[in-house]
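Colleague: Questions regarding the structure given below will be posed in turn.
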Amino acid sequence: MNDKTEKAILAGGCFWGMQDLIRKRPGVVDTRVGYTGGDVPNATYRNHGTHAEAIEISFDPDELSYRDLLEFFFQVHDPTTKNRQGNDIGVSYRSAIFYTDDQQRHVAEDTIADVDASGLWPGKVVTEVSPAGPFWEAEPEHQDYLERNPGGYTCHFVRPDWKLPRRGESGT
(Lines give C-alpha, C1' and ligand atoms only; values in the text may rest on other atoms or scores of the structure.)
Protein backbone atom coordinates (compact mmCIF):
# COMPACT_ATOMS: atom_id res chain seq x y z
CA MET A 1 0.00 0.00 0.00
CA ASN A 2 1.21 3.51 -0.76
CA ASP A 3 0.58 6.71 1.20
CA LYS A 4 -2.67 7.34 -0.66
CA THR A 5 -4.08 3.86 -0.26
CA GLU A 6 -6.64 2.95 2.42
CA LYS A 7 -7.88 -0.44 3.59
CA ALA A 8 -11.43 -1.72 3.94
CA ILE A 9 -12.55 -5.12 5.23
CA LEU A 10 -16.01 -6.32 4.23
CA ALA A 11 -17.94 -9.58 4.56
CA GLY A 12 -21.04 -10.23 2.51
CA GLY A 13 -21.30 -13.97 2.03
CA CYS A 14 -18.96 -16.17 0.01
CA PHE A 15 -15.77 -14.24 -0.54
CA TRP A 16 -15.33 -15.44 -4.15
CA GLY A 17 -18.23 -13.40 -5.51
CA MET A 18 -17.48 -10.33 -3.42
CA GLN A 19 -13.87 -10.28 -4.58
CA ASP A 20 -14.80 -10.79 -8.22
CA LEU A 21 -17.12 -7.77 -8.29
CA ILE A 22 -15.21 -5.40 -5.99
CA ARG A 23 -11.82 -5.88 -7.68
CA LYS A 24 -13.28 -4.41 -10.89
CA ARG A 25 -14.27 -1.08 -9.28
CA PRO A 26 -12.23 1.94 -10.38
CA GLY A 27 -9.98 2.94 -7.51
CA VAL A 28 -9.53 -0.59 -6.14
CA VAL A 29 -5.80 -1.27 -6.02
CA ASP A 30 -5.74 -4.80 -4.61
CA THR A 31 -7.94 -7.41 -2.94
CA ARG A 32 -7.40 -10.59 -0.99
CA VAL A 33 -9.86 -12.95 0.63
CA GLY A 34 -9.66 -14.42 4.10
CA TYR A 35 -11.25 -14.86 7.49
CA THR A 36 -11.88 -12.29 10.23
CA GLY A 37 -14.16 -11.40 13.11
CA GLY A 38 -14.07 -14.75 14.83
CA ASP A 39 -12.47 -16.92 17.44
CA VAL A 40 -9.86 -19.13 15.74
CA PRO A 41 -6.23 -18.02 15.38
CA ASN A 42 -4.57 -18.88 12.06
CA ALA A 43 -7.95 -19.55 10.48
CA THR A 44 -8.18 -21.76 7.40
CA TYR A 45 -10.98 -22.81 5.06
CA ARG A 46 -11.39 -26.08 6.96
CA ASN A 47 -11.03 -24.46 10.41
CA HIS A 48 -12.28 -20.88 10.67
CA GLY A 49 -14.63 -21.15 13.65
CA THR A 50 -16.86 -18.09 13.90
CA HIS A 51 -14.88 -16.00 11.42
CA ALA A 52 -16.65 -14.44 8.45
CA GLU A 53 -15.45 -15.04 4.92
CA ALA A 54 -14.23 -11.54 4.13
CA ILE A 55 -12.41 -9.45 1.57
CA GLU A 56 -9.62 -7.01 2.37
CA ILE A 57 -9.60 -4.16 -0.11
CA SER A 58 -6.82 -1.67 -0.76
CA PHE A 59 -8.24 1.37 -2.50
CA ASP A 60 -7.26 4.88 -3.56
CA PRO A 61 -9.61 7.29 -1.77
CA ASP A 62 -8.97 9.94 -4.46
CA GLU A 63 -10.65 7.61 -6.98
CA LEU A 64 -13.09 5.69 -4.75
CA SER A 65 -14.47 6.97 -1.48
CA TYR A 66 -15.16 4.60 1.39
CA ARG A 67 -18.83 5.63 1.19
CA ASP A 68 -18.99 4.71 -2.52
CA LEU A 69 -17.31 1.38 -1.77
CA LEU A 70 -19.93 0.66 0.91
CA GLU A 71 -22.78 1.64 -1.42
CA PHE A 72 -21.49 -0.90 -3.95
CA PHE A 73 -21.14 -3.50 -1.16
CA PHE A 74 -24.82 -3.03 -0.29
CA GLN A 75 -25.78 -3.24 -3.97
CA VAL A 76 -24.16 -6.64 -4.59
CA HIS A 77 -25.29 -8.60 -1.52
CA ASP A 78 -28.44 -8.84 0.58
CA PRO A 79 -27.71 -7.14 3.92
CA THR A 80 -31.07 -8.17 5.41
CA THR A 81 -30.47 -11.92 5.71
CA LYS A 82 -28.78 -12.91 8.96
CA ASN A 83 -25.90 -15.35 8.47
CA ARG A 84 -26.91 -16.07 4.90
CA GLN A 85 -26.32 -15.17 1.27
CA GLY A 86 -28.20 -17.17 -1.33
CA ASN A 87 -27.66 -20.87 -0.69
CA ASP A 88 -24.78 -20.20 1.72
CA ILE A 89 -25.96 -20.43 5.32
CA GLY A 90 -23.99 -19.94 8.54
CA VAL A 91 -22.05 -17.36 10.53
CA SER A 92 -19.25 -17.51 7.93
CA TYR A 93 -21.62 -15.89 5.42
CA ARG A 94 -22.80 -12.98 7.56
CA SER A 95 -22.88 -9.38 6.41
CA ALA A 96 -20.25 -7.34 8.24
CA ILE A 97 -18.14 -4.20 8.00
CA PHE A 98 -14.88 -4.30 9.92
CA TYR A 99 -13.80 -0.68 10.34
CA THR A 100 -10.19 0.43 10.68
CA ASP A 101 -10.87 3.78 12.40
CA ASP A 102 -13.67 5.92 13.82
CA GLN A 103 -14.22 7.68 10.49
CA GLN A 104 -14.94 4.34 8.77
CA ARG A 105 -17.26 3.36 11.63
CA HIS A 106 -19.19 6.62 11.25
CA VAL A 107 -19.46 6.25 7.46
CA ALA A 108 -20.60 2.61 7.87
CA GLU A 109 -23.31 3.51 10.39
CA ASP A 110 -24.51 6.43 8.24
CA THR A 111 -24.61 4.27 5.11
CA ILE A 112 -26.57 1.55 6.92
CA ALA A 113 -29.08 4.17 8.09
CA ASP A 114 -29.47 5.28 4.46
CA VAL A 115 -29.96 1.69 3.29
CA ASP A 116 -32.62 1.13 5.97
CA ALA A 117 -34.40 4.39 5.09
CA SER A 118 -34.26 3.74 1.32
CA GLY A 119 -36.60 0.75 1.15
CA LEU A 120 -34.32 -0.79 -1.49
CA TRP A 121 -34.21 -4.03 0.52
CA PRO A 122 -37.31 -5.78 1.87
CA GLY A 123 -36.14 -5.89 5.48
CA LYS A 124 -33.95 -4.19 8.06
CA VAL A 125 -30.18 -4.29 7.59
CA VAL A 126 -28.48 -6.86 9.86
CA THR A 127 -24.93 -5.95 8.81
CA GLU A 128 -22.59 -6.12 11.79
CA VAL A 129 -20.26 -3.13 12.31
CA SER A 130 -17.16 -4.10 14.31
CA PRO A 131 -13.57 -2.98 14.70
CA ALA A 132 -11.11 -4.71 12.39
CA GLY A 133 -9.06 -7.42 14.03
CA PRO A 134 -6.71 -10.06 12.72
CA PHE A 135 -7.27 -10.98 9.07
CA TRP A 136 -6.21 -14.50 8.16
CA GLU A 137 -5.49 -14.73 4.43
CA ALA A 138 -7.30 -17.61 2.73
CA GLU A 139 -5.43 -20.35 0.91
CA PRO A 140 -4.10 -19.62 -2.61
CA GLU A 141 -6.86 -21.66 -4.29
CA HIS A 142 -9.45 -19.20 -2.88
CA GLN A 143 -7.67 -16.05 -4.07
CA ASP A 144 -9.04 -14.73 -7.39
CA TYR A 145 -11.16 -17.89 -7.60
CA LEU A 146 -13.70 -16.67 -10.16
CA GLU A 147 -10.97 -15.29 -12.43
CA ARG A 148 -9.45 -18.77 -12.56
CA ASN A 149 -12.87 -20.52 -12.61
CA PRO A 150 -15.20 -18.21 -14.56
CA GLY A 151 -18.10 -20.67 -14.32
CA GLY A 152 -17.67 -21.09 -10.56
CA TYR A 153 -20.34 -20.54 -7.94
CA THR A 154 -21.37 -17.06 -6.84
CA CYS A 155 -24.50 -15.59 -5.29
CA HIS A 156 -23.41 -11.97 -5.84
CA PHE A 157 -24.46 -9.72 -8.68
CA VAL A 158 -24.77 -6.05 -9.51
CA ARG A 159 -28.40 -5.04 -9.20
CA PRO A 160 -29.31 -2.81 -12.16
CA ASP A 161 -30.56 0.72 -11.50
CA TRP A 162 -29.74 0.38 -7.78
CA LYS A 163 -28.84 3.83 -6.42
CA LEU A 164 -28.73 4.56 -2.70
CA PRO A 165 -30.24 7.92 -1.78
CA ARG A 166 -29.11 9.72 1.34
CA ARG A 167 -31.71 10.36 4.02
CA GLY A 168 -33.36 13.70 3.47
CA GLU A 169 -32.90 13.62 -0.32
CA SER A 170 -35.96 13.35 -2.56
CA GLY A 171 -38.39 12.98 0.32
CA THR A 172 -36.61 10.02 1.98
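Each chain of the C-alpha coordinates is named A, B, ... in the order shown, its residues numbered from 1; ligands are numbered from 1 in display order.
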With only C-alpha atoms counted and 12 Å as the cut-off, give the residues of region 118-171 of chain A in contact with region 16-35 of chain A, each with its shortest interatomic distance in Å and the pair that gives it, as a tab-separated table.
Modeller:
residue	atom	partner	partner_atom	distance
A:Ala132	CA	A:Tyr35	CA	11.3
A:Gly133	CA	A:Tyr35	CA	10.1
A:Pro134	CA	A:Tyr35	CA	8.4
A:Phe135	CA	A:Tyr35	CA	5.8
A:Trp136	CA	A:Tyr35	CA	5.1
A:Glu137	CA	A:Gly34	CA	4.2
A:Ala138	CA	A:Gly34	CA	4.2
A:Glu139	CA	A:Gly34	CA	7.9
A:Pro140	CA	A:Val33	CA	9.4
A:Glu141	CA	A:Val33	CA	10.4
A:His142	CA	A:Trp16	CA	7.1
A:Gln143	CA	A:Val33	CA	6.0
A:Asp144	CA	A:Asp20	CA	7.0
A:Tyr145	CA	A:Trp16	CA	5.9
A:Leu146	CA	A:Asp20	CA	6.3
A:Glu147	CA	A:Asp20	CA	7.3
A:Arg148	CA	A:Asp20	CA	10.5
A:Asn149	CA	A:Trp16	CA	10.2
A:Pro150	CA	A:Asp20	CA	9.8
A:Gly151	CA	A:Gly17	CA	11.4
A:Gly152	CA	A:Trp16	CA	8.9
A:Tyr153	CA	A:Gly17	CA	7.8
A:Thr154	CA	A:Gly17	CA	5.0
A:Cys155	CA	A:Gly17	CA	6.6
A:His156	CA	A:Gly17	CA	5.4
A:Phe157	CA	A:Leu21	CA	7.6
A:Val158	CA	A:Leu21	CA	7.9
A:Arg159	CA	A:Leu21	CA	11.6
Colleague: Report, in Å with one decimal, the straight-line distance from CA of Ser92 (chain A) to CA of Thr50 (chain A).
Modeller: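 One can read the CA of Ser92 (chain A) to CA of Thr50 (chain A) distance as 6.5 Å.
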Colleague: Name the residues of region 83-132 of chain A that fall into strand (DSSP E or B) according to DSSP on the backbone, using the chain letters and numbers of this document, as JSON, numbers by chain.
Modeller: {"A": [84, 85, 88, 89, 95, 96, 97, 98, 99, 128, 129, 130, 131]}
Colleague: Counting only C-alpha atoms, figure out which residue out of A:Asp78, A:Asp39, A:Glu71, A:Glu63 gets nearest to Pro122 (chain A).
Modeller: A:Asp78
Colleague: Compile the contact shell of Ala54 (chain A) as a list in words: residues with an atom at most 8 Å away, counting only C-alpha atoms, same-chain residues fewer than 2 positions apart removed.
Modeller: Ile9, Leu10, Ala11, Gly12, Gly13, Cys14, Phe15, Val33, Gly34, Tyr35, Thr36, Ala52 and Glu56 of chain A
Colleague: For CA of Asp101 (chain A) and CA of Thr81 (chain A), quote the distance in Å rounded to one decimal.
Modeller: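 Atom-to-atom, CA of Asp101 (chain A) to CA of Thr81 (chain A), that is 26.0 Å.
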Colleague: At a cut-off of 12 Å, using only C-alpha atoms, what residues contact Asp110 (chain A)? Leave out same-chain residues fewer than 2 positions from it and give the result as number ranges by chain.
Modeller: A: 66-67, 70-71, 103-108, 112-117, 129, 164-167
